[in-house]
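Asker: Sharing work-v2.cif below, mmCIF, C-alpha atoms and all ligand atoms:
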```cif
data_final
loop_
_atom_site.group_PDB
_atom_site.id
_atom_site.type_symbol
_atom_site.label_atom_id
_atom_site.label_comp_id
_atom_site.auth_asym_id
_atom_site.auth_seq_id
_atom_site.Cartn_x
_atom_site.Cartn_y
_atom_site.Cartn_z
ATOM 1 C CA MET A 1 0.000 0.000 0.000
ATOM 2 C CA LEU A 2 2.731 2.462 1.031
ATOM 3 C CA GLU A 3 6.335 2.266 -0.049
ATOM 4 C CA VAL A 4 8.842 4.770 1.287
ATOM 5 C CA ARG A 5 12.089 4.506 -0.641
ATOM 6 C CA ASP A 6 15.394 5.951 0.601
ATOM 7 C CA LEU A 7 13.654 9.089 1.793
ATOM 8 C CA SER A 8 15.817 11.986 2.994
ATOM 9 C CA LYS A 9 15.173 15.538 4.163
ATOM 10 C CA SER A 10 17.898 18.019 5.017
ATOM 11 C CA PHE A 11 17.491 21.369 6.746
ATOM 12 C CA GLY A 12 20.754 23.117 5.909
ATOM 13 C CA GLY A 13 23.425 20.789 7.258
ATOM 14 C CA LEU A 14 21.004 18.770 9.362
ATOM 15 C CA LYS A 15 19.739 15.487 7.959
ATOM 16 C CA ALA A 16 16.391 15.266 9.749
ATOM 17 C CA VAL A 17 15.458 12.130 7.791
ATOM 18 C CA SER A 18 18.213 10.053 6.255
ATOM 19 C CA GLU A 19 17.591 7.362 3.645
ATOM 20 C CA VAL A 20 14.605 5.834 5.392
ATOM 21 C CA SER A 21 12.758 2.992 3.663
ATOM 22 C CA LEU A 22 9.524 1.486 4.891
ATOM 23 C CA THR A 23 6.886 -0.745 3.340
ATOM 24 C CA VAL A 24 3.396 -0.888 4.810
ATOM 25 C CA GLY A 25 0.833 -3.420 3.619
ATOM 26 C CA GLN A 26 -2.911 -2.966 3.574
ATOM 27 C CA GLY A 27 -4.481 -3.555 6.977
ATOM 28 C CA GLU A 28 -1.242 -3.199 8.938
ATOM 29 C CA PHE A 29 -0.778 -1.207 12.132
ATOM 30 C CA VAL A 30 2.779 0.141 12.201
ATOM 31 C CA GLY A 31 4.285 2.065 15.103
ATOM 32 C CA VAL A 32 7.100 4.606 14.837
ATOM 33 C CA ILE A 33 9.184 5.447 17.901
ATOM 34 C CA GLY A 34 12.382 7.348 18.538
ATOM 35 C CA PRO A 35 13.803 10.077 20.789
ATOM 36 C CA ASN A 36 12.873 13.768 20.446
ATOM 37 C CA GLY A 37 14.211 15.148 17.196
ATOM 38 C CA ALA A 38 14.654 11.698 15.623
ATOM 39 C CA GLY A 39 12.752 12.791 12.521
ATOM 40 C CA LYS A 40 9.374 11.168 13.145
ATOM 41 C CA THR A 41 7.184 14.197 12.417
ATOM 42 C CA THR A 42 9.383 15.167 9.466
ATOM 43 C CA LEU A 43 8.880 11.680 7.999
ATOM 44 C CA MET A 44 5.121 12.095 8.368
ATOM 45 C CA ASN A 45 5.267 15.548 6.759
ATOM 46 C CA LEU A 46 7.200 14.079 3.821
ATOM 47 C CA ILE A 47 4.659 11.284 3.292
ATOM 48 C CA THR A 48 1.648 13.607 3.506
ATOM 49 C CA GLY A 49 3.059 16.355 1.276
ATOM 50 C CA TYR A 50 3.576 19.037 3.946
ATOM 51 C CA MET A 51 7.295 18.916 3.151
ATOM 52 C CA ARG A 52 9.151 17.977 -0.003
ATOM 53 C CA PRO A 53 11.919 15.385 0.352
ATOM 54 C CA THR A 54 15.508 16.246 -0.554
ATOM 55 C CA SER A 55 15.721 12.817 -2.195
ATOM 56 C CA GLY A 56 13.882 9.510 -2.319
ATOM 57 C CA ASP A 57 10.363 8.524 -3.259
ATOM 58 C CA VAL A 58 6.996 7.738 -1.679
ATOM 59 C CA LEU A 59 4.597 5.426 -3.490
ATOM 60 C CA PHE A 60 0.987 5.057 -2.417
ATOM 61 C CA GLU A 61 -0.887 2.188 -4.054
ATOM 62 C CA GLY A 62 1.856 1.960 -6.649
ATOM 63 C CA ARG A 63 2.008 5.624 -7.675
ATOM 64 C CA SER A 64 4.488 8.267 -6.561
ATOM 65 C CA ILE A 65 2.927 10.997 -4.438
ATOM 66 C CA VAL A 66 6.090 13.095 -4.015
ATOM 67 C CA GLY A 67 5.512 16.687 -5.103
ATOM 68 C CA LEU A 68 1.734 16.516 -4.781
ATOM 69 C CA PRO A 69 0.150 19.109 -2.487
ATOM 70 C CA PRO A 70 -1.308 17.796 0.804
ATOM 71 C CA TYR A 71 -4.941 18.068 -0.341
ATOM 72 C CA ARG A 72 -4.275 15.868 -3.350
ATOM 73 C CA ILE A 73 -2.486 13.258 -1.231
ATOM 74 C CA SER A 74 -5.476 13.363 1.113
ATOM 75 C CA HIS A 75 -7.774 12.894 -1.849
ATOM 76 C CA ARG A 76 -5.787 9.803 -2.900
ATOM 77 C CA GLY A 77 -6.660 8.232 0.464
ATOM 78 C CA VAL A 78 -3.918 9.235 2.915
ATOM 79 C CA GLY A 79 -5.225 10.934 6.069
ATOM 80 C CA ARG A 80 -3.314 12.393 8.989
ATOM 81 C CA THR A 81 -3.673 13.972 12.397
ATOM 82 C CA PHE A 82 -1.536 16.718 13.885
ATOM 83 C CA GLN A 83 0.436 16.670 17.124
ATOM 84 C CA VAL A 84 -1.136 19.946 18.254
ATOM 85 C CA VAL A 85 -4.880 19.823 17.717
ATOM 86 C CA ARG A 86 -6.606 23.017 16.610
ATOM 87 C CA PRO A 87 -10.333 22.477 16.225
ATOM 88 C CA PHE A 88 -12.617 25.405 15.401
ATOM 89 C CA ALA A 89 -13.492 26.145 19.042
ATOM 90 C CA GLU A 90 -16.854 27.869 18.480
ATOM 91 C CA MET A 91 -18.079 25.251 16.041
ATOM 92 C CA SER A 92 -19.857 22.077 17.126
ATOM 93 C CA VAL A 93 -18.177 18.677 17.123
ATOM 94 C CA GLU A 94 -20.302 17.673 14.138
ATOM 95 C CA ASP A 95 -19.428 20.783 12.122
ATOM 96 C CA ASN A 96 -15.727 20.257 12.873
ATOM 97 C CA VAL A 97 -15.903 16.671 11.625
ATOM 98 C CA MET A 98 -17.757 17.890 8.525
ATOM 99 C CA THR A 99 -14.804 20.142 7.652
ATOM 100 C CA GLY A 100 -12.815 16.953 7.078
ATOM 101 C CA ALA A 101 -15.240 15.871 4.380
ATOM 102 C CA LEU A 102 -15.622 19.384 2.932
ATOM 103 C CA PHE A 103 -12.079 20.673 2.755
ATOM 104 C CA SER A 104 -9.232 18.210 3.333
ATOM 105 C CA GLY A 105 -9.184 16.609 -0.070
ATOM 106 C CA ALA A 106 -12.357 18.400 -1.245
ATOM 107 C CA ARG A 107 -14.454 15.236 -1.385
ATOM 108 C CA THR A 108 -17.687 17.167 -1.595
ATOM 109 C CA ASN A 109 -19.096 20.694 -1.424
ATOM 110 C CA SER A 110 -22.527 19.529 -0.285
ATOM 111 C CA LEU A 111 -23.355 20.131 3.378
ATOM 112 C CA LYS A 112 -25.823 17.271 3.254
ATOM 113 C CA VAL A 113 -23.186 14.829 1.979
ATOM 114 C CA ALA A 114 -20.650 16.135 4.506
ATOM 115 C CA ARG A 115 -23.131 15.705 7.371
ATOM 116 C CA LYS A 116 -23.651 12.098 6.346
ATOM 117 C CA ALA A 117 -19.905 11.565 5.979
ATOM 118 C CA ALA A 118 -19.442 12.762 9.573
ATOM 119 C CA GLU A 119 -21.689 10.040 11.047
ATOM 120 C CA LEU A 120 -19.345 7.036 10.971
ATOM 121 C CA PRO A 121 -16.272 8.996 12.161
ATOM 122 C CA MET A 122 -18.261 10.322 15.139
ATOM 123 C CA GLU A 123 -19.486 6.820 15.904
ATOM 124 C CA LEU A 124 -16.013 5.242 15.676
ATOM 125 C CA THR A 125 -14.528 7.885 17.944
ATOM 126 C CA GLY A 126 -17.408 7.804 20.434
ATOM 127 C CA LEU A 127 -18.362 11.433 19.846
ATOM 128 C CA THR A 128 -21.920 11.005 18.558
ATOM 129 C CA ALA A 129 -23.459 12.017 21.897
ATOM 130 C CA LYS A 130 -21.344 15.200 21.877
ATOM 131 C CA ARG A 131 -22.158 16.185 18.304
ATOM 132 C CA HIS A 132 -23.776 19.517 19.287
ATOM 133 C CA VAL A 133 -21.154 20.473 21.884
ATOM 134 C CA ALA A 134 -18.757 23.295 20.964
ATOM 135 C CA ALA A 135 -15.291 21.870 20.283
ATOM 136 C CA GLY A 136 -13.738 24.409 22.650
ATOM 137 C CA ALA A 137 -15.626 22.836 25.568
ATOM 138 C CA LEU A 138 -14.104 19.376 25.048
ATOM 139 C CA THR A 139 -11.360 17.836 27.186
ATOM 140 C CA LEU A 140 -7.982 17.326 25.497
ATOM 141 C CA GLY A 141 -8.725 13.611 25.115
ATOM 142 C CA GLU A 142 -12.024 14.446 23.397
ATOM 143 C CA LYS A 143 -10.256 16.975 21.175
ATOM 144 C CA LYS A 144 -7.873 14.199 20.146
ATOM 145 C CA LYS A 145 -10.886 12.038 19.286
ATOM 146 C CA LEU A 146 -12.261 14.951 17.276
ATOM 147 C CA GLU A 147 -8.942 15.220 15.430
ATOM 148 C CA LEU A 148 -9.237 11.510 14.600
ATOM 149 C CA ALA A 149 -12.858 11.930 13.488
ATOM 150 C CA ARG A 150 -11.966 14.907 11.273
ATOM 151 C CA ALA A 151 -9.186 12.867 9.650
ATOM 152 C CA LEU A 152 -11.555 9.908 9.174
ATOM 153 C CA ALA A 153 -14.085 12.163 7.439
ATOM 154 C CA THR A 154 -11.554 12.549 4.615
ATOM 155 C CA ASN A 155 -12.188 8.825 4.058
ATOM 156 C CA PRO A 156 -8.582 7.606 4.303
ATOM 157 C CA ARG A 157 -7.428 4.096 3.513
ATOM 158 C CA LEU A 158 -4.128 4.933 5.216
ATOM 159 C CA LEU A 159 -4.083 7.066 8.370
ATOM 160 C CA LEU A 160 -0.947 8.620 9.869
ATOM 161 C CA LEU A 161 -1.184 9.569 13.524
ATOM 162 C CA ASP A 162 1.185 12.019 15.204
ATOM 163 C CA GLU A 163 1.195 11.619 18.985
ATOM 164 C CA VAL A 164 -2.479 11.057 19.540
ATOM 165 C CA MET A 165 -1.865 10.305 23.234
ATOM 166 C CA GLY A 166 0.271 13.381 23.927
ATOM 167 C CA GLY A 167 -0.802 15.169 27.102
ATOM 168 C CA VAL A 168 -4.025 13.243 27.742
ATOM 169 C CA THR A 169 -4.976 11.601 31.055
ATOM 170 C CA ARG A 170 -4.353 7.916 31.780
ATOM 171 C CA GLY A 171 -8.054 7.111 31.509
ATOM 172 C CA GLU A 172 -8.270 8.867 28.173
ATOM 173 C CA VAL A 173 -5.249 6.909 26.872
ATOM 174 C CA GLY A 174 -7.269 3.724 27.412
ATOM 175 C CA GLU A 175 -10.270 5.199 25.607
ATOM 176 C CA LEU A 176 -8.158 6.429 22.691
ATOM 177 C CA MET A 177 -6.556 2.989 22.371
ATOM 178 C CA GLU A 178 -10.052 1.509 22.070
ATOM 179 C CA VAL A 179 -10.903 4.092 19.408
ATOM 180 C CA LEU A 180 -7.747 3.231 17.453
ATOM 181 C CA ARG A 181 -8.600 -0.470 17.623
ATOM 182 C CA ARG A 182 -12.062 0.290 16.236
ATOM 183 C CA ILE A 183 -10.636 2.417 13.403
ATOM 184 C CA HIS A 184 -8.167 -0.330 12.513
ATOM 185 C CA SER A 185 -10.902 -2.990 12.650
ATOM 186 C CA ALA A 186 -12.974 -0.840 10.281
ATOM 187 C CA GLY A 187 -10.277 -1.512 7.671
ATOM 188 C CA VAL A 188 -8.034 1.556 7.941
ATOM 189 C CA THR A 189 -4.277 0.948 7.687
ATOM 190 C CA ILE A 190 -2.458 2.892 10.413
ATOM 191 C CA ILE A 191 1.016 4.337 10.934
ATOM 192 C CA MET A 192 1.332 5.759 14.428
ATOM 193 C CA ILE A 193 4.014 7.967 15.965
ATOM 194 C CA GLU A 194 3.832 7.735 19.728
ATOM 195 C CA HIS A 195 5.967 8.502 22.750
ATOM 196 C CA LEU A 196 4.078 6.110 25.020
ATOM 197 C CA VAL A 197 6.003 2.953 24.242
ATOM 198 C CA GLU A 198 3.519 0.641 25.950
ATOM 199 C CA VAL A 199 0.767 1.955 23.659
ATOM 200 C CA ILE A 200 2.874 1.267 20.562
ATOM 201 C CA MET A 201 3.788 -2.180 21.849
ATOM 202 C CA GLU A 202 0.188 -3.115 22.481
ATOM 203 C CA LEU A 203 -1.369 -1.796 19.269
ATOM 204 C CA SER A 204 1.309 -2.244 16.596
ATOM 205 C CA GLN A 205 2.067 -5.349 14.601
ATOM 206 C CA ARG A 206 5.391 -3.888 13.527
ATOM 207 C CA VAL A 207 7.556 -1.097 14.929
ATOM 208 C CA MET A 208 10.148 1.117 13.269
ATOM 209 C CA VAL A 209 12.706 2.852 15.465
ATOM 210 C CA LEU A 210 14.199 6.122 14.227
ATOM 211 C CA ASN A 211 17.341 7.676 15.673
ATOM 212 C CA PHE A 212 19.112 10.763 14.291
ATOM 213 C CA GLY A 213 16.942 10.539 11.163
ATOM 214 C CA GLN A 214 17.941 6.970 10.390
ATOM 215 C CA LYS A 215 16.091 3.726 10.717
ATOM 216 C CA LEU A 216 17.745 2.017 13.655
ATOM 217 C CA PHE A 217 15.588 -1.074 13.742
ATOM 218 C CA GLU A 218 12.366 -2.537 12.461
ATOM 219 C CA GLY A 219 10.563 -5.593 13.750
ATOM 220 C CA THR A 220 7.809 -6.968 15.944
ATOM 221 C CA PRO A 221 7.177 -5.186 19.262
ATOM 222 C CA ASP A 222 8.817 -8.092 21.104
ATOM 223 C CA ALA A 223 11.938 -7.984 18.920
ATOM 224 C CA VAL A 224 12.227 -4.205 19.298
ATOM 225 C CA VAL A 225 12.338 -4.154 23.086
ATOM 226 C CA GLU A 226 14.934 -6.905 23.109
ATOM 227 C CA HIS A 227 17.232 -5.220 20.602
ATOM 228 C CA PRO A 228 20.361 -3.904 22.384
ATOM 229 C CA ALA A 229 20.820 -0.834 20.150
ATOM 230 C CA VAL A 230 17.214 0.225 20.706
ATOM 231 C CA ILE A 231 17.487 -0.154 24.452
ATOM 232 C CA GLU A 232 20.703 1.863 24.476
ATOM 233 C CA SER A 233 19.636 4.684 22.163
ATOM 234 C CA TYR A 234 16.015 5.096 23.021
ATOM 235 C CA LEU A 235 14.569 3.132 25.849
ATOM 236 C CA GLY A 236 17.704 3.504 27.957
ATOM 237 C CA LYS A 237 15.857 2.054 30.911
ATOM 238 C CA PRO A 238 13.464 -0.805 31.600
ATOM 239 C CA LEU A 239 10.097 -0.428 29.870
ATOM 240 C CA GLU A 240 8.260 -0.435 33.189
ATOM 241 C CA ALA A 241 10.031 2.795 34.139
ATOM 242 C CA ASP A 242 9.035 4.388 30.849
ATOM 243 C CA ALA A 243 5.418 3.403 31.306
ATOM 244 C CA ALA A 244 5.185 4.826 34.822
HETATM 245 N N1 LIG B 1 11.179 23.150 9.377
HETATM 246 C C1 LIG B 1 12.329 22.809 9.957
HETATM 247 N N2 LIG B 1 13.446 23.573 9.792
HETATM 248 C C2 LIG B 1 14.616 23.230 10.375
HETATM 249 N N3 LIG B 1 14.796 22.124 11.134
HETATM 250 C C3 LIG B 1 13.725 21.339 11.332
HETATM 251 C C4 LIG B 1 12.443 21.634 10.755
HETATM 252 N N4 LIG B 1 11.585 20.642 11.121
HETATM 253 C C5 LIG B 1 12.283 19.786 11.885
HETATM 254 N N5 LIG B 1 13.568 20.189 12.010
HETATM 255 C C6 LIG B 1 14.627 19.493 12.746
HETATM 256 O O1 LIG B 1 14.683 18.162 12.235
HETATM 257 C C7 LIG B 1 14.940 17.235 13.296
HETATM 258 C C8 LIG B 1 13.826 16.210 13.340
HETATM 259 O O2 LIG B 1 12.639 16.850 13.835
HETATM 260 P P1 LIG B 1 11.253 16.102 13.984
HETATM 261 O O3 LIG B 1 10.264 17.111 14.468
HETATM 262 O O4 LIG B 1 10.935 15.378 12.748
HETATM 263 O O5 LIG B 1 11.567 15.059 15.140
HETATM 264 P P2 LIG B 1 10.578 14.157 15.974
HETATM 265 O O6 LIG B 1 11.177 12.812 16.012
HETATM 266 O O7 LIG B 1 9.208 14.282 15.427
HETATM 267 O O8 LIG B 1 10.656 14.825 17.397
HETATM 268 P P3 LIG B 1 9.536 14.973 18.549
HETATM 269 O O9 LIG B 1 9.412 13.637 19.139
HETATM 270 O O10 LIG B 1 10.163 15.970 19.479
HETATM 271 O O11 LIG B 1 8.282 15.477 17.909
HETATM 272 C C9 LIG B 1 15.080 18.051 14.561
HETATM 273 O O12 LIG B 1 16.451 18.272 14.785
HETATM 274 C C10 LIG B 1 14.363 19.341 14.221
HETATM 275 O O13 LIG B 1 14.886 20.426 14.952
#
```
Can the structure from this file be put into structure tokens for me?
Answerer:
Amino acid sequence: MLEVRDLSKSFGGLKAVSEVSLTVGQGEFVGVIGPNGAGKTTLMNLITGYMRPTSGDVLFEGRSIVGLPPYRISHRGVGRTFQVVRPFAEMSVEDNVMTGALFSGARTNSLKVARKAAELPMELTGLTAKRHVAAGALTLGEKKKLELARALATNPRLLLLDEVMGGVTRGEVGELMEVLRRIHSAGVTIIMIEHLVEVIMELSQRVMVLNFGQKLFEGTPDAVVEHPAVIESYLGKPLEADAA
């Protein structure tokens, strides 16, 4: 479904992403971990068209998407969420989700169609009961669900998630994990960047570890935590300590 080939991005002398390759098959759930500044968000920006790579290629369903603007990549079926969520605070949950269908990828310009397209995303994220609540009144965890629902309204086959769990309460982490399981079960392929290692380990089938822009390791969650270089460069301490 997705093939990232020798992808690099330099900012001046800094190689934020350095010759990273990654293949993701349909229906997979792939986790991406790595220390601050490892290049995770940059990699996501390169895949979704928010940044142009210095070199390398990205193929989605067999066709290169490098150089396409973000809205066209979205239209092809690649959705994303942002680390910092910025819903339209005065607008209702439902109207915010509708913006996903109306603008990101311009799937429709009909309010009626957009309203219908918002139904399933609200259901999957557990927001249906809050549909008329102003987004500004939501908790951070609910705002993260709204961000997921907005991305789902673009109708993605592949969804890239940037730190969905960042800053939310423990209880909300559990709820968001349930939501992600539901989204995945609904047939959406997922690539997830996450600092909470235990979340990645529980949800992902495969994990890629980035360090200084390079792929340090890729394998099953079990293989990753046992890999000496990963423990040294990233985990640095027993997993239990990280999860505390
Ligand atoms: N637009 C930019 N201009 C210059 N340098 C940048 C830019 N974006 C990212 N960088 C640098 O590229 C490197 C990788 O950053 P990136 O945000 O991708 O890391 P990350 O793994 O997502 O980190 P975090 O976990 O803190 O979000 C960092 O050194 C960062 O300072």
Asker: Starting from the PyMOL selection byres (((chain A and resi 148) around 10) and not hetatm), expand the selection into actual residues of this file and give them as a VMD selection string.
Answerer: chain A and resid 79 to 82 85 97 100 121 to 122 124 to 125 142 to 147 149 to 153 159 to 161 164 176 179 to 180 183
Asker: Would you write out, as a ChimeraX atom specification, every residue that the PyMOL selection byres (((chain A and resi 65) around 12) and not hetatm) captures in this file?
Answerer: /A:2-5,46-53,56-64,66-78
Asker: Got a sec to check which residues sit within 8 Å of (-21.9, 20.6, 18.3), counting all atoms listed in the file, and write them as a list in words?
Answerer: Met91, Ser92, Val93, Glu94, Asp95, Lys130, Arg131, His132, Val133, Ala134 and Ala135 of chain A
Asker: Kindly save the residues from that selection, with C-alpha atoms included, as a PDB file, keeping the file's coordinate frame.
Answerer:
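Just written: again-v6.pdb:
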```pdb
ATOM      1  CA  MET A  91     -18.079  25.251  16.041  1.00  0.00           C
ATOM      2  CA  SER A  92     -19.857  22.077  17.126  1.00  0.00           C
ATOM      3  CA  VAL A  93     -18.177  18.677  17.123  1.00  0.00           C
ATOM      4  CA  GLU A  94     -20.302  17.673  14.138  1.00  0.00           C
ATOM      5  CA  ASP A  95     -19.428  20.783  12.122  1.00  0.00           C
ATOM      6  CA  LYS A 130     -21.344  15.200  21.877  1.00  0.00           C
ATOM      7  CA  ARG A 131     -22.158  16.185  18.304  1.00  0.00           C
ATOM      8  CA  HIS A 132     -23.776  19.517  19.287  1.00  0.00           C
ATOM      9  CA  VAL A 133     -21.154  20.473  21.884  1.00  0.00           C
ATOM     10  CA  ALA A 134     -18.757  23.295  20.964  1.00  0.00           C
ATOM     11  CA  ALA A 135     -15.291  21.870  20.283  1.00  0.00           C
TER      12      ALA A 135
END
```
Asker: Could you work out how far atom CA of Ser8 of chain A lies from atom N2 of ligand LIG 1 (chain B), giving the answer in Å with one decimal?
Answerer: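 Calculated distance between atom N2 of ligand LIG 1 (chain B) and atom CA of Ser8 of chain A is 13.6 Å.
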Asker: Name the residues that the PyMOL selection byres (((not hetatm)) within 10 of (chain B and resi 1)) pulls out of this structure, and write them as a PyMOL selection string.
Answerer: chain A and resi 9-17+32-46+51+83+162-163+193-195+210-213
Asker: Taking 4 positions as the minimum chain separation for residues in the same chain, which residues sit within 9 Å of Val24 of chain A when counting all atoms listed in the file? Answer as a ChimeraX atom specification.
Answerer: /A:1-4,28-30,189-191
Asker: Could you dump the residues just selected with C-alpha atoms as an mmCIF file, keeping the file's coordinate frame?
Answerer:
```cif
data_model
loop_
_atom_site.group_PDB
_atom_site.id
_atom_site.type_symbol
_atom_site.label_atom_id
_atom_site.label_comp_id
_atom_site.auth_asym_id
_atom_site.auth_seq_id
_atom_site.Cartn_x
_atom_site.Cartn_y
_atom_site.Cartn_z
ATOM 1 C CA MET A 1 0.000 0.000 0.000
ATOM 2 C CA LEU A 2 2.731 2.462 1.031
ATOM 3 C CA GLU A 3 6.335 2.266 -0.049
ATOM 4 C CA VAL A 4 8.842 4.770 1.287
ATOM 5 C CA GLU A 28 -1.242 -3.199 8.938
ATOM 6 C CA PHE A 29 -0.778 -1.207 12.132
ATOM 7 C CA VAL A 30 2.779 0.141 12.201
ATOM 8 C CA THR A 189 -4.277 0.948 7.687
ATOM 9 C CA ILE A 190 -2.458 2.892 10.413
ATOM 10 C CA ILE A 191 1.016 4.337 10.934
#
```
Asker: Write out as a ChimeraX atom specification each polymer residue whose atoms come within 12 Å of Gly171 of chain A, counting only C-alpha atoms; drop sequence neighbours fewer than 5 positions from it.
Answerer: /A:140-142,165,176-178
Asker: When you count all atoms listed in the file, which of these residues is closest to Met201 of chain A: A:Pro156, A:Gly31, A:Ala89, A:Gly136?
Answerer: A:Gly31
Asker: What does the structure give for the distance between atom CA of Glu19 of chain A and atom CA of Glu226 of chain A, in Å to one decimal?
Answerer: 24.3 Å
Asker: What is the distance, in Å and to one decimal place, between atom CA of Thr23 of chain A and atom CA of Ala223 of chain A?
Answerer: 17.9 Å
Asker: Which one is closest to Thr169 of chain A: A:Val84, A:Ala117, A:Val209, A:Thr139? Count only C-alpha atoms.
Answerer: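 Among the listed residues, the smallest separation from Thr169 of chain A belongs to A:Thr139.
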